[in-house]
Amino acid sequence: MNDRKVMFLKDKSRHIRRLIVDEIGKLGVGHIGGCLSPVEALVVLYYRQMKIDPANPRMEGRDRFIMSKGHAGPALYAVLADKGYFDICELDTLNKPETSLPSHCDMLKTRGIDMTAGSLGQGISCAVGMAKASKIKKDNAFIYCMVGDGESQEGEVWEAAMCASQFKLNNLIAFTDYNRFQIDGSVQETMGIAPLDKKWEAFGWNVINVADGHDIAEIDEAVEKGKKSADKPTMIILNTIKGKGVSFVEAAGVKNHNMPVTEEQRLQALKELE
Amino acid sequence: MYENMEMRQVLAEILGGMMEKDERIVVIDADLARANGTIALRDKYPERAFDVGIAEQNMAAVAAGMAAYGLIPFIGSFTPFATRRICDQIAISIVYAKRNVKIIGTDPGISAELNGGTHMSMEDIGVIRSIPGIVIFEPVDAVQLAKALPVIAEYDGPVYIRMFRKAFPVIFKDDYKFELFKADLISEGKDVTLFASGIMVNEALKAAELLKASGISAEIINIHTIKPIDREAVVKSAKKTGAAVTCENHNIIGGLKSAVAEVLVDECPVPVKAVGVQDHFGEVAKMDYLKKKYHMTAEDIVKAAKEAIAMKK
């Protein structure tokens, strides 16, 4: 990827963060930490890698994305709005009565959402189902999925992991948003998942560790490698910072999973992201 | 034509025919394809009939993902593992997301026989029935199953099929016409209605004969689709007979008795007596033994019918 493209995607990531802070800030509370950590990966997928058409969100043979950590819905909504799946003003309706943007992803409510998610562990299984379906239909699509690090404590994630390698789903590229915090504390203290890379390797996956999960070029390179996998699904481990890019959210640390955002904080964050 | 076939053979045969005509149909098992007969599909359809191993949660959500891709997955296991074990995956990935997945649970209730209490689902209808928007179907025999499967595949939405899997007396004739949301009037009567599902229809038929000998005319209605229940048929019959007995191979809490009573208290309050599992777990034994022990025989239905009739005002 050339420098100009990297610069474009970096700017785009900053813009998406502004939209996230704005939508959650206007509501006053939300899953802001885990929405800010996977932004670069979403930007690489939606602005560079995925075969999609915002004018035709149900296009046959399109690539798909499943936000298995469904509470990061607002991050995905910011991307979808910016891509033109729906009017950007809808972001102001987040979690308000009758909204098409509920806190957790809902394929029946939101244009551009490929799968409903919210009960952790299920989205990665759904992604396995889609990757298998794509093989049956022979439509050459790639299926992308974002799994949370805390979510990886769910047993179903490892059922799905076994299944994807057994079926040789090389069209499945998953990410772990390894931001190291969950609601009750650090992931390692709550219920350790390390060594995560070795676990996925042992389950038969092609594992790529991205040391800086906010580095556009590194993420893009990992996806490119994943796409070339001969017969294994790919897990890209993104070492991220929960709340990345907004100082008061980063500073809240473990408390930033679902936190209030004051009007003053919203404005301050928007200024930081200018 | 199905007299001498096990219901699982019929299941595999009909699914095979459907897979041939419709490329969207997929059959997924969790290490019970041999027990459920669906292993027979693997040779002909290696891509569309496959196993996910003993991982039912994954099976359910994999199916939801495939349904989101436009396929029509049938997933199967024994009844408890096809329902209570994966209740959340059914509720969220399948039903909440309105995915077109068909769930097959075999060996319901006491029919799990020598697998015993751990494998006897007495609660599956209750668990699944409280999830908004899912259809629950329980076939009586191989004919009804064979007629129902293509209709269920055609219906665009999640369906739970709760089925006996071995050989069972055939009740319906080959020209039987199946309607998914319409209960079947099996025989007309005027003193009491026996609302029955699954293997208990056979007991209800025997009970009706016994009642006839005592001068009581029993109407038999087969509620094959327990959700959404055919309210019209339930109310119409209750209005006519003024008393009801529900006959089910399930806990009397949450199953057919609850479904029928919910309709009747709303629209036509008549005495309702329940024959079924009286709120306890199962145990190892053959069905005939358990039917007697749990008071689920034709004689128990007769007794309940007489009690219901005596309660009429």
# chains A, B, ... in the order shown; residues from 1 in each chain; ligands from 1
>>> interface_residues(of="chain B", to="chain A", cutoff="9 Å", atoms="only C-alpha atoms", output="list in words")
Glu47, Arg48, Val52, Gly53, Ile54, Ala55, Glu56, Gln57, Asn58, Met59, Ala60, Ala61, Val62, Ala63, Ala64, Gly65, Met66, Ala67, Ala68, Tyr69, Gly70, Leu71, Asp88, Gln89, Ile92, Ser93, Tyr96, Ala97 and Lys98 of chain B
>>> write_last_selection(atoms="N, CA and C atoms", output="CSV table (one decimal), in the first residue's frame")
chain,number,residue,atom,x,y,z
B,47,GLU,N,-21.1,-32.2,0.3
B,47,GLU,CA,-21.0,-30.8,0.6
B,47,GLU,C,-22.1,-30.3,1.4
B,48,ARG,N,-23.3,-30.9,1.3
B,48,ARG,CA,-24.5,-30.3,1.9
B,48,ARG,C,-25.0,-31.1,3.1
B,52,VAL,N,-20.7,-31.5,12.4
B,52,VAL,CA,-19.9,-30.5,13.1
B,52,VAL,C,-19.3,-31.1,14.4
B,53,GLY,N,-19.4,-32.4,14.6
B,53,GLY,CA,-18.9,-33.0,15.8
B,53,GLY,C,-19.9,-32.6,17.0
B,54,ILE,N,-19.5,-33.0,18.2
B,54,ILE,CA,-20.3,-32.9,19.3
B,54,ILE,C,-20.2,-31.4,19.8
B,55,ALA,N,-20.8,-30.5,19.1
B,55,ALA,CA,-20.7,-29.1,19.4
B,55,ALA,C,-22.0,-28.4,18.9
B,56,GLU,N,-23.1,-28.6,19.7
B,56,GLU,CA,-24.4,-28.2,19.2
B,56,GLU,C,-24.6,-26.7,19.2
B,57,GLN,N,-23.9,-26.0,20.1
B,57,GLN,CA,-24.0,-24.5,20.0
B,57,GLN,C,-23.5,-24.0,18.7
B,58,ASN,N,-22.3,-24.5,18.3
B,58,ASN,CA,-21.7,-24.1,17.1
B,58,ASN,C,-22.6,-24.5,15.9
B,59,MET,N,-23.2,-25.7,16.0
B,59,MET,CA,-24.1,-26.2,14.9
B,59,MET,C,-25.2,-25.2,14.7
B,60,ALA,N,-25.9,-24.8,15.8
B,60,ALA,CA,-27.0,-23.9,15.6
B,60,ALA,C,-26.6,-22.6,15.0
B,61,ALA,N,-25.5,-22.0,15.4
B,61,ALA,CA,-25.1,-20.7,14.9
B,61,ALA,C,-24.5,-20.8,13.5
B,62,VAL,N,-23.8,-21.9,13.2
B,62,VAL,CA,-23.3,-22.1,11.9
B,62,VAL,C,-24.5,-22.2,10.9
B,63,ALA,N,-25.6,-22.9,11.4
B,63,ALA,CA,-26.8,-22.9,10.6
B,63,ALA,C,-27.4,-21.5,10.3
B,64,ALA,N,-27.4,-20.7,11.4
B,64,ALA,CA,-27.9,-19.4,11.3
B,64,ALA,C,-27.1,-18.6,10.2
B,65,GLY,N,-25.8,-18.8,10.2
B,65,GLY,CA,-24.9,-18.1,9.3
B,65,GLY,C,-25.2,-18.6,7.9
B,66,MET,N,-25.5,-19.9,7.7
B,66,MET,CA,-25.8,-20.4,6.4
B,66,MET,C,-27.1,-19.9,5.9
B,67,ALA,N,-28.1,-19.8,6.8
B,67,ALA,CA,-29.4,-19.3,6.5
B,67,ALA,C,-29.3,-17.8,6.0
B,68,ALA,N,-28.4,-17.1,6.7
B,68,ALA,CA,-28.2,-15.7,6.3
B,68,ALA,C,-27.6,-15.6,4.9
B,69,TYR,N,-27.1,-16.7,4.4
B,69,TYR,CA,-26.4,-16.8,3.1
B,69,TYR,C,-27.4,-17.3,2.1
B,70,GLY,N,-28.7,-17.5,2.5
B,70,GLY,CA,-29.7,-18.0,1.6
B,70,GLY,C,-29.9,-19.5,1.6
B,71,LEU,N,-29.2,-20.2,2.4
B,71,LEU,CA,-29.4,-21.7,2.4
B,71,LEU,C,-30.5,-22.0,3.5
B,88,ASP,N,-30.0,-20.5,23.8
B,88,ASP,CA,-29.6,-19.1,23.5
B,88,ASP,C,-29.2,-19.0,22.0
B,89,GLN,N,-28.6,-20.0,21.4
B,89,GLN,CA,-28.2,-19.9,20.0
B,89,GLN,C,-29.5,-19.9,19.2
B,92,ILE,N,-31.3,-16.3,19.8
B,92,ILE,CA,-30.7,-15.1,19.2
B,92,ILE,C,-30.3,-15.3,17.8
B,93,SER,N,-29.4,-16.2,17.5
B,93,SER,CA,-28.8,-16.3,16.1
B,93,SER,C,-29.9,-16.8,15.2
B,96,TYR,N,-34.4,-14.7,16.9
B,96,TYR,CA,-34.4,-13.2,16.9
B,96,TYR,C,-33.9,-12.6,15.6
B,97,ALA,N,-33.0,-13.3,14.9
B,97,ALA,CA,-32.5,-12.9,13.6
B,97,ALA,C,-33.4,-13.4,12.5
B,98,LYS,N,-34.5,-14.0,12.8
B,98,LYS,CA,-35.4,-14.6,11.8
B,98,LYS,C,-34.7,-15.4,10.7
>>> residues_around(residues="Ile24 of chain A", least_positions_apart="4", cutoff="12 Å", atoms="only C-alpha atoms", output="PDB file with C-alpha atoms, in the first residue's frame")
ATOM      1  CA  ARG A  17     -13.600   7.953  15.736  1.00  0.00           C
ATOM      2  CA  ARG A  18     -15.193  11.392  15.604  1.00  0.00           C
ATOM      3  CA  LEU A  19     -18.462   9.851  14.482  1.00  0.00           C
ATOM      4  CA  ILE A  20     -18.302   7.218  17.246  1.00  0.00           C
ATOM      5  CA  GLY A  28     -24.563  10.164  26.935  1.00  0.00           C
ATOM      6  CA  VAL A  29     -23.516   6.562  27.567  1.00  0.00           C
ATOM      7  CA  GLY A  30     -22.280   3.540  25.645  1.00  0.00           C
ATOM      8  CA  HIS A  31     -19.686   0.882  24.882  1.00  0.00           C
ATOM      9  CA  ILE A  32     -17.159   3.468  23.857  1.00  0.00           C
ATOM     10  CA  GLY A  33     -13.914   1.658  24.799  1.00  0.00           C
ATOM     11  CA  CYS A  35     -15.893   0.724  19.819  1.00  0.00           C
ATOM     12  CA  LEU A  36     -12.700   2.755  19.543  1.00  0.00           C
ATOM     13  CA  ALA A  72     -19.224  -2.594  19.090  1.00  0.00           C
ATOM     14  CA  GLY A  73     -22.215  -1.971  16.835  1.00  0.00           C
ATOM     15  CA  PRO A  74     -21.837   1.828  17.105  1.00  0.00           C
ATOM     16  CA  ALA A  75     -18.321   1.595  15.579  1.00  0.00           C
ATOM     17  CA  TYR A  77     -22.659   2.090  12.301  1.00  0.00           C
ATOM     18  CA  ALA A  78     -20.219   4.977  11.971  1.00  0.00           C
ATOM     19  CA  LEU A  91     -26.293   8.144  14.000  1.00  0.00           C
ATOM     20  CA  ASP A  92     -28.041  10.634  16.287  1.00  0.00           C
ATOM     21  CA  THR A  93     -30.775   8.052  16.930  1.00  0.00           C
ATOM     22  CA  LEU A  94     -28.437   5.452  18.478  1.00  0.00           C
ATOM     23  CA  ASN A  95     -30.308   3.472  21.154  1.00  0.00           C
ATOM     24  CA  LYS A  96     -33.284   5.784  21.113  1.00  0.00           C
ATOM     25  CA  LEU A 101     -29.274   1.476  15.348  1.00  0.00           C
ATOM     26  CA  PRO A 102     -29.552  -0.623  18.527  1.00  0.00           C
ATOM     27  CA  SER A 103     -26.554  -1.029  20.832  1.00  0.00           C
ATOM     28  CA  ASN A 258     -19.642   0.992  29.030  1.00  0.00           C
ATOM     29  CA  MET A 259     -19.291   4.491  30.438  1.00  0.00           C
ATOM     30  CA  PRO A 260     -21.067   7.823  30.566  1.00  0.00           C
ATOM     31  CA  VAL A 261     -19.875  10.575  28.247  1.00  0.00           C
ATOM     32  CA  THR A 262     -20.664  14.163  29.230  1.00  0.00           C
ATOM     33  CA  GLU A 263     -21.310  16.930  26.731  1.00  0.00           C
ATOM     34  CA  GLN A 265     -16.166  15.269  27.184  1.00  0.00           C
ATOM     35  CA  ARG A 266     -17.805  14.826  23.795  1.00  0.00           C
ATOM     36  CA  LEU A 267     -16.677  18.287  22.681  1.00  0.00           C
ATOM     37  CA  ALA A 269     -12.859  14.456  22.325  1.00  0.00           C
ATOM     38  CA  LEU A 270     -13.997  15.935  19.015  1.00  0.00           C
TER      39      LEU A 270
END
>>> residues_around(residues="segment 204-212 of chain A", least_positions_apart="3", cutoff="12 Å", atoms="only C-alpha atoms", output="number ranges by chain")
A: 37-38, 40-41, 158, 160-179, 195-201, 215-241, 244
>>> write_last_selection(atoms="C-alpha atoms", output="mmCIF file, in the first residue's frame")
data_model
loop_
_atom_site.group_PDB
_atom_site.id
_atom_site.type_symbol
_atom_site.label_atom_id
_atom_site.label_comp_id
_atom_site.auth_asym_id
_atom_site.auth_seq_id
_atom_site.Cartn_x
_atom_site.Cartn_y
_atom_site.Cartn_z
ATOM 1 C CA SER A 37 -10.267 -0.198 19.611
ATOM 2 C CA PRO A 38 -11.165 -1.970 16.329
ATOM 3 C CA GLU A 40 -8.437 0.721 11.960
ATOM 4 C CA ALA A 41 -9.378 -2.872 11.144
ATOM 5 C CA TRP A 158 -13.416 -22.765 20.209
ATOM 6 C CA ALA A 160 -16.207 -22.621 15.845
ATOM 7 C CA ALA A 161 -12.399 -22.588 15.682
ATOM 8 C CA MET A 162 -12.270 -26.387 15.392
ATOM 9 C CA CYS A 163 -15.005 -26.407 12.799
ATOM 10 C CA ALA A 164 -13.437 -23.761 10.534
ATOM 11 C CA SER A 165 -10.123 -25.577 10.272
ATOM 12 C CA GLN A 166 -11.816 -28.965 9.846
ATOM 13 C CA PHE A 167 -13.743 -27.500 6.893
ATOM 14 C CA LYS A 168 -10.582 -25.812 5.515
ATOM 15 C CA LEU A 169 -12.320 -22.442 5.362
ATOM 16 C CA ASN A 170 -9.495 -20.372 3.888
ATOM 17 C CA ASN A 171 -12.135 -17.769 2.961
ATOM 18 C CA LEU A 172 -12.669 -16.925 6.628
ATOM 19 C CA ILE A 173 -10.549 -14.128 8.080
ATOM 20 C CA ALA A 174 -11.202 -13.328 11.722
ATOM 21 C CA PHE A 175 -9.719 -10.710 14.017
ATOM 22 C CA THR A 176 -9.292 -10.661 17.763
ATOM 23 C CA ASP A 177 -9.633 -7.176 19.176
ATOM 24 C CA TYR A 178 -7.033 -7.829 21.885
ATOM 25 C CA ASN A 179 -7.547 -4.688 23.944
ATOM 26 C CA PRO A 195 -1.103 -17.515 24.717
ATOM 27 C CA LEU A 196 -3.825 -16.594 22.261
ATOM 28 C CA ASP A 197 -1.749 -17.036 19.108
ATOM 29 C CA LYS A 198 -0.666 -20.539 20.104
ATOM 30 C CA LYS A 199 -4.248 -21.480 20.933
ATOM 31 C CA TRP A 200 -5.501 -20.518 17.466
ATOM 32 C CA GLU A 201 -2.500 -22.218 15.872
ATOM 33 C CA ASP A 215 -1.240 0.325 12.238
ATOM 34 C CA ILE A 216 -3.113 0.539 8.932
ATOM 35 C CA ALA A 217 -0.319 -0.905 6.780
ATOM 36 C CA GLU A 218 0.299 -3.822 9.134
ATOM 37 C CA ILE A 219 -3.397 -4.734 9.265
ATOM 38 C CA ASP A 220 -3.714 -4.480 5.503
ATOM 39 C CA GLU A 221 -0.701 -6.701 4.985
ATOM 40 C CA ALA A 222 -2.162 -9.283 7.380
ATOM 41 C CA VAL A 223 -5.463 -9.342 5.484
ATOM 42 C CA GLU A 224 -3.603 -9.751 2.188
ATOM 43 C CA LYS A 225 -1.726 -12.716 3.666
ATOM 44 C CA GLY A 226 -4.977 -14.169 4.987
ATOM 45 C CA LYS A 227 -6.553 -13.970 1.544
ATOM 46 C CA LYS A 228 -3.719 -16.066 0.150
ATOM 47 C CA SER A 229 -4.063 -18.842 2.734
ATOM 48 C CA ALA A 230 -4.117 -22.178 0.908
ATOM 49 C CA ASP A 231 -6.413 -24.189 3.133
ATOM 50 C CA LYS A 232 -6.626 -22.638 6.589
ATOM 51 C CA PRO A 233 -8.822 -19.963 8.120
ATOM 52 C CA THR A 234 -6.874 -16.925 9.327
ATOM 53 C CA MET A 235 -6.893 -15.271 12.738
ATOM 54 C CA ILE A 236 -5.382 -11.791 12.864
ATOM 55 C CA ILE A 237 -4.620 -10.814 16.446
ATOM 56 C CA LEU A 238 -4.827 -7.053 16.806
ATOM 57 C CA ASN A 239 -2.976 -5.735 19.829
ATOM 58 C CA THR A 240 -5.134 -2.713 20.463
ATOM 59 C CA ILE A 241 -5.813 -0.082 23.106
ATOM 60 C CA LYS A 244 -7.800 4.357 21.507
#
>>> select_by_dssp(residues="segment 59-227 of chain A", states="helix (DSSP H, G or I)", output="MDAnalysis selection string")
chainID A and resid 70:83 88:93 122:137 150:153 155:166 187:191 196:202 216:227
>>> write_last_selection(atoms="C-alpha atoms", output="PDB file, in the first residue's frame")
ATOM      1  CA  GLY A  70     -21.884  -7.189  18.988  1.00  0.00           C
ATOM      2  CA  HIS A  71     -21.607  -4.334  21.492  1.00  0.00           C
ATOM      3  CA  ALA A  72     -19.224  -2.594  19.090  1.00  0.00           C
ATOM      4  CA  GLY A  73     -22.215  -1.971  16.835  1.00  0.00           C
ATOM      5  CA  PRO A  74     -21.837   1.828  17.105  1.00  0.00           C
ATOM      6  CA  ALA A  75     -18.321   1.595  15.579  1.00  0.00           C
ATOM      7  CA  LEU A  76     -19.718  -0.327  12.622  1.00  0.00           C
ATOM      8  CA  TYR A  77     -22.659   2.090  12.301  1.00  0.00           C
ATOM      9  CA  ALA A  78     -20.219   4.977  11.971  1.00  0.00           C
ATOM     10  CA  VAL A  79     -18.460   3.162   9.119  1.00  0.00           C
ATOM     11  CA  LEU A  80     -21.710   2.136   7.396  1.00  0.00           C
ATOM     12  CA  ALA A  81     -23.106   5.680   7.638  1.00  0.00           C
ATOM     13  CA  ASP A  82     -19.911   7.143   6.226  1.00  0.00           C
ATOM     14  CA  LYS A  83     -19.982   4.573   3.400  1.00  0.00           C
ATOM     15  CA  ILE A  88     -25.454   9.889   8.514  1.00  0.00           C
ATOM     16  CA  CYS A  89     -28.036  11.775  10.632  1.00  0.00           C
ATOM     17  CA  GLU A  90     -29.367   8.403  11.762  1.00  0.00           C
ATOM     18  CA  LEU A  91     -26.293   8.144  14.000  1.00  0.00           C
ATOM     19  CA  ASP A  92     -28.041  10.634  16.287  1.00  0.00           C
ATOM     20  CA  THR A  93     -30.775   8.052  16.930  1.00  0.00           C
ATOM     21  CA  GLN A 122     -22.226 -16.866  18.391  1.00  0.00           C
ATOM     22  CA  GLY A 123     -21.019 -14.471  15.696  1.00  0.00           C
ATOM     23  CA  ILE A 124     -17.863 -16.441  14.952  1.00  0.00           C
ATOM     24  CA  SER A 125     -19.979 -19.585  14.488  1.00  0.00           C
ATOM     25  CA  CYS A 126     -22.268 -17.657  12.150  1.00  0.00           C
ATOM     26  CA  ALA A 127     -19.163 -16.549  10.228  1.00  0.00           C
ATOM     27  CA  VAL A 128     -18.086 -20.188   9.921  1.00  0.00           C
ATOM     28  CA  GLY A 129     -21.565 -20.977   8.561  1.00  0.00           C
ATOM     29  CA  MET A 130     -21.281 -18.173   6.012  1.00  0.00           C
ATOM     30  CA  ALA A 131     -17.785 -19.242   4.930  1.00  0.00           C
ATOM     31  CA  LYS A 132     -19.057 -22.803   4.483  1.00  0.00           C
ATOM     32  CA  ALA A 133     -22.101 -21.505   2.577  1.00  0.00           C
ATOM     33  CA  SER A 134     -19.811 -19.487   0.313  1.00  0.00           C
ATOM     34  CA  LYS A 135     -17.856 -22.661  -0.441  1.00  0.00           C
ATOM     35  CA  ILE A 136     -21.098 -24.477  -1.297  1.00  0.00           C
ATOM     36  CA  LYS A 137     -22.245 -21.628  -3.534  1.00  0.00           C
ATOM     37  CA  GLY A 150     -13.073 -11.349  26.556  1.00  0.00           C
ATOM     38  CA  GLU A 151     -15.477 -13.044  24.162  1.00  0.00           C
ATOM     39  CA  SER A 152     -12.798 -15.656  23.528  1.00  0.00           C
ATOM     40  CA  GLN A 153     -13.574 -17.068  26.969  1.00  0.00           C
ATOM     41  CA  GLY A 155     -16.578 -22.133  24.711  1.00  0.00           C
ATOM     42  CA  GLU A 156     -18.470 -21.690  21.470  1.00  0.00           C
ATOM     43  CA  VAL A 157     -15.585 -19.654  20.021  1.00  0.00           C
ATOM     44  CA  TRP A 158     -13.416 -22.765  20.209  1.00  0.00           C
ATOM     45  CA  GLU A 159     -16.120 -25.006  18.788  1.00  0.00           C
ATOM     46  CA  ALA A 160     -16.207 -22.621  15.845  1.00  0.00           C
ATOM     47  CA  ALA A 161     -12.399 -22.588  15.682  1.00  0.00           C
ATOM     48  CA  MET A 162     -12.270 -26.387  15.392  1.00  0.00           C
ATOM     49  CA  CYS A 163     -15.005 -26.407  12.799  1.00  0.00           C
ATOM     50  CA  ALA A 164     -13.437 -23.761  10.534  1.00  0.00           C
ATOM     51  CA  SER A 165     -10.123 -25.577  10.272  1.00  0.00           C
ATOM     52  CA  GLN A 166     -11.816 -28.965   9.846  1.00  0.00           C
ATOM     53  CA  VAL A 187      -8.674 -10.234  30.585  1.00  0.00           C
ATOM     54  CA  GLN A 188      -5.626 -11.944  32.027  1.00  0.00           C
ATOM     55  CA  GLU A 189      -6.822 -11.506  35.630  1.00  0.00           C
ATOM     56  CA  THR A 190     -10.445 -12.336  34.918  1.00  0.00           C
ATOM     57  CA  MET A 191      -9.855 -15.527  32.924  1.00  0.00           C
ATOM     58  CA  LEU A 196      -3.825 -16.594  22.261  1.00  0.00           C
ATOM     59  CA  ASP A 197      -1.749 -17.036  19.108  1.00  0.00           C
ATOM     60  CA  LYS A 198      -0.666 -20.539  20.104  1.00  0.00           C
ATOM     61  CA  LYS A 199      -4.248 -21.480  20.933  1.00  0.00           C
ATOM     62  CA  TRP A 200      -5.501 -20.518  17.466  1.00  0.00           C
ATOM     63  CA  GLU A 201      -2.500 -22.218  15.872  1.00  0.00           C
ATOM     64  CA  ALA A 202      -3.251 -25.380  17.813  1.00  0.00           C
ATOM     65  CA  ILE A 216      -3.113   0.539   8.932  1.00  0.00           C
ATOM     66  CA  ALA A 217      -0.319  -0.905   6.780  1.00  0.00           C
ATOM     67  CA  GLU A 218       0.299  -3.822   9.134  1.00  0.00           C
ATOM     68  CA  ILE A 219      -3.397  -4.734   9.265  1.00  0.00           C
ATOM     69  CA  ASP A 220      -3.714  -4.480   5.503  1.00  0.00           C
ATOM     70  CA  GLU A 221      -0.701  -6.701   4.985  1.00  0.00           C
ATOM     71  CA  ALA A 222      -2.162  -9.283   7.380  1.00  0.00           C
ATOM     72  CA  VAL A 223      -5.463  -9.342   5.484  1.00  0.00           C
ATOM     73  CA  GLU A 224      -3.603  -9.751   2.188  1.00  0.00           C
ATOM     74  CA  LYS A 225      -1.726 -12.716   3.666  1.00  0.00           C
ATOM     75  CA  GLY A 226      -4.977 -14.169   4.987  1.00  0.00           C
ATOM     76  CA  LYS A 227      -6.553 -13.970   1.544  1.00  0.00           C
TER      77      LYS A 227
END
>>> closest_residue(among="B:Asp184, B:Asp124, B:Glu209, B:Glu23", to="Val302 of chain B", atoms="only C-alpha atoms")
B:Glu209
>>> residues_around(residues="Ala146 of chain B", least_positions_apart="2", cutoff="9 Å", atoms="only C-alpha atoms", output="VMD selection string")
chain B and resid 2 7 10 to 11 13 to 14 141 to 144 148 to 150
>>> closest_residue(among="B:Val192, B:Ile134, B:Met19, B:Ile186", to="Asn222 of chain B", atoms="only C-alpha atoms")
B:Ile186
>>> select_by_dssp(residues="segment 45-179 of chain A", states="strand (DSSP E)", output="PyMOL selection string")
chain A and resi 64-67+143-148+172-178
>>> residues_around(residues="His280 of chain B", least_positions_apart="6", cutoff="10 Å", atoms="only C-alpha atoms", output="PDB file with C-alpha atoms, in the first residue's frame")
ATOM      1  CA  GLY B 117     -33.225 -39.171  32.547  1.00  0.00           C
ATOM      2  CA  MET B 122     -39.667 -33.191  29.379  1.00  0.00           C
ATOM      3  CA  GLU B 123     -39.267 -29.419  29.006  1.00  0.00           C
ATOM      4  CA  HIS B 250     -43.848 -33.863  27.849  1.00  0.00           C
ATOM      5  CA  ASN B 251     -44.112 -32.140  31.192  1.00  0.00           C
ATOM      6  CA  ILE B 252     -47.686 -30.946  31.670  1.00  0.00           C
ATOM      7  CA  TYR B 294     -46.150 -41.862  34.627  1.00  0.00           C
TER       8      TYR B 294
END
>>> closest_residue(among="B:Asp191, B:Thr225, B:Val159, B:Glu248", to="Lys312 of chain B", atoms="only C-alpha atoms")
B:Asp191
>>> residues_around(residues="Ser111 of chain B", least_positions_apart="2", cutoff="8 Å", atoms="only C-alpha atoms", output="PyMOL selection string")
chain B and resi 107-109+113+120+164+286-287
>>> closest_residue(among="B:Ile161, B:Ile39, B:Ala153, B:Phe281", to="Lys21 of chain B", atoms="only C-alpha atoms")
B:Ala153
>>> atom_distance(atom1="atom CA of Gly255 of chain B", atom2="atom CA of Glu299 of chain B")
21.0 Å
>>> residues_around(residues="Lys255 of chain A", least_positions_apart="4", cutoff="10 Å", atoms="only C-alpha atoms", output="ChimeraX atom specification")
/A:33,181-185,249-251,259
>>> closest_residue(among="B:Thr241, B:Asn100, B:Thr246, B:Asn202", to="Pro73 of chain B", atoms="only C-alpha atoms")
B:Asn100
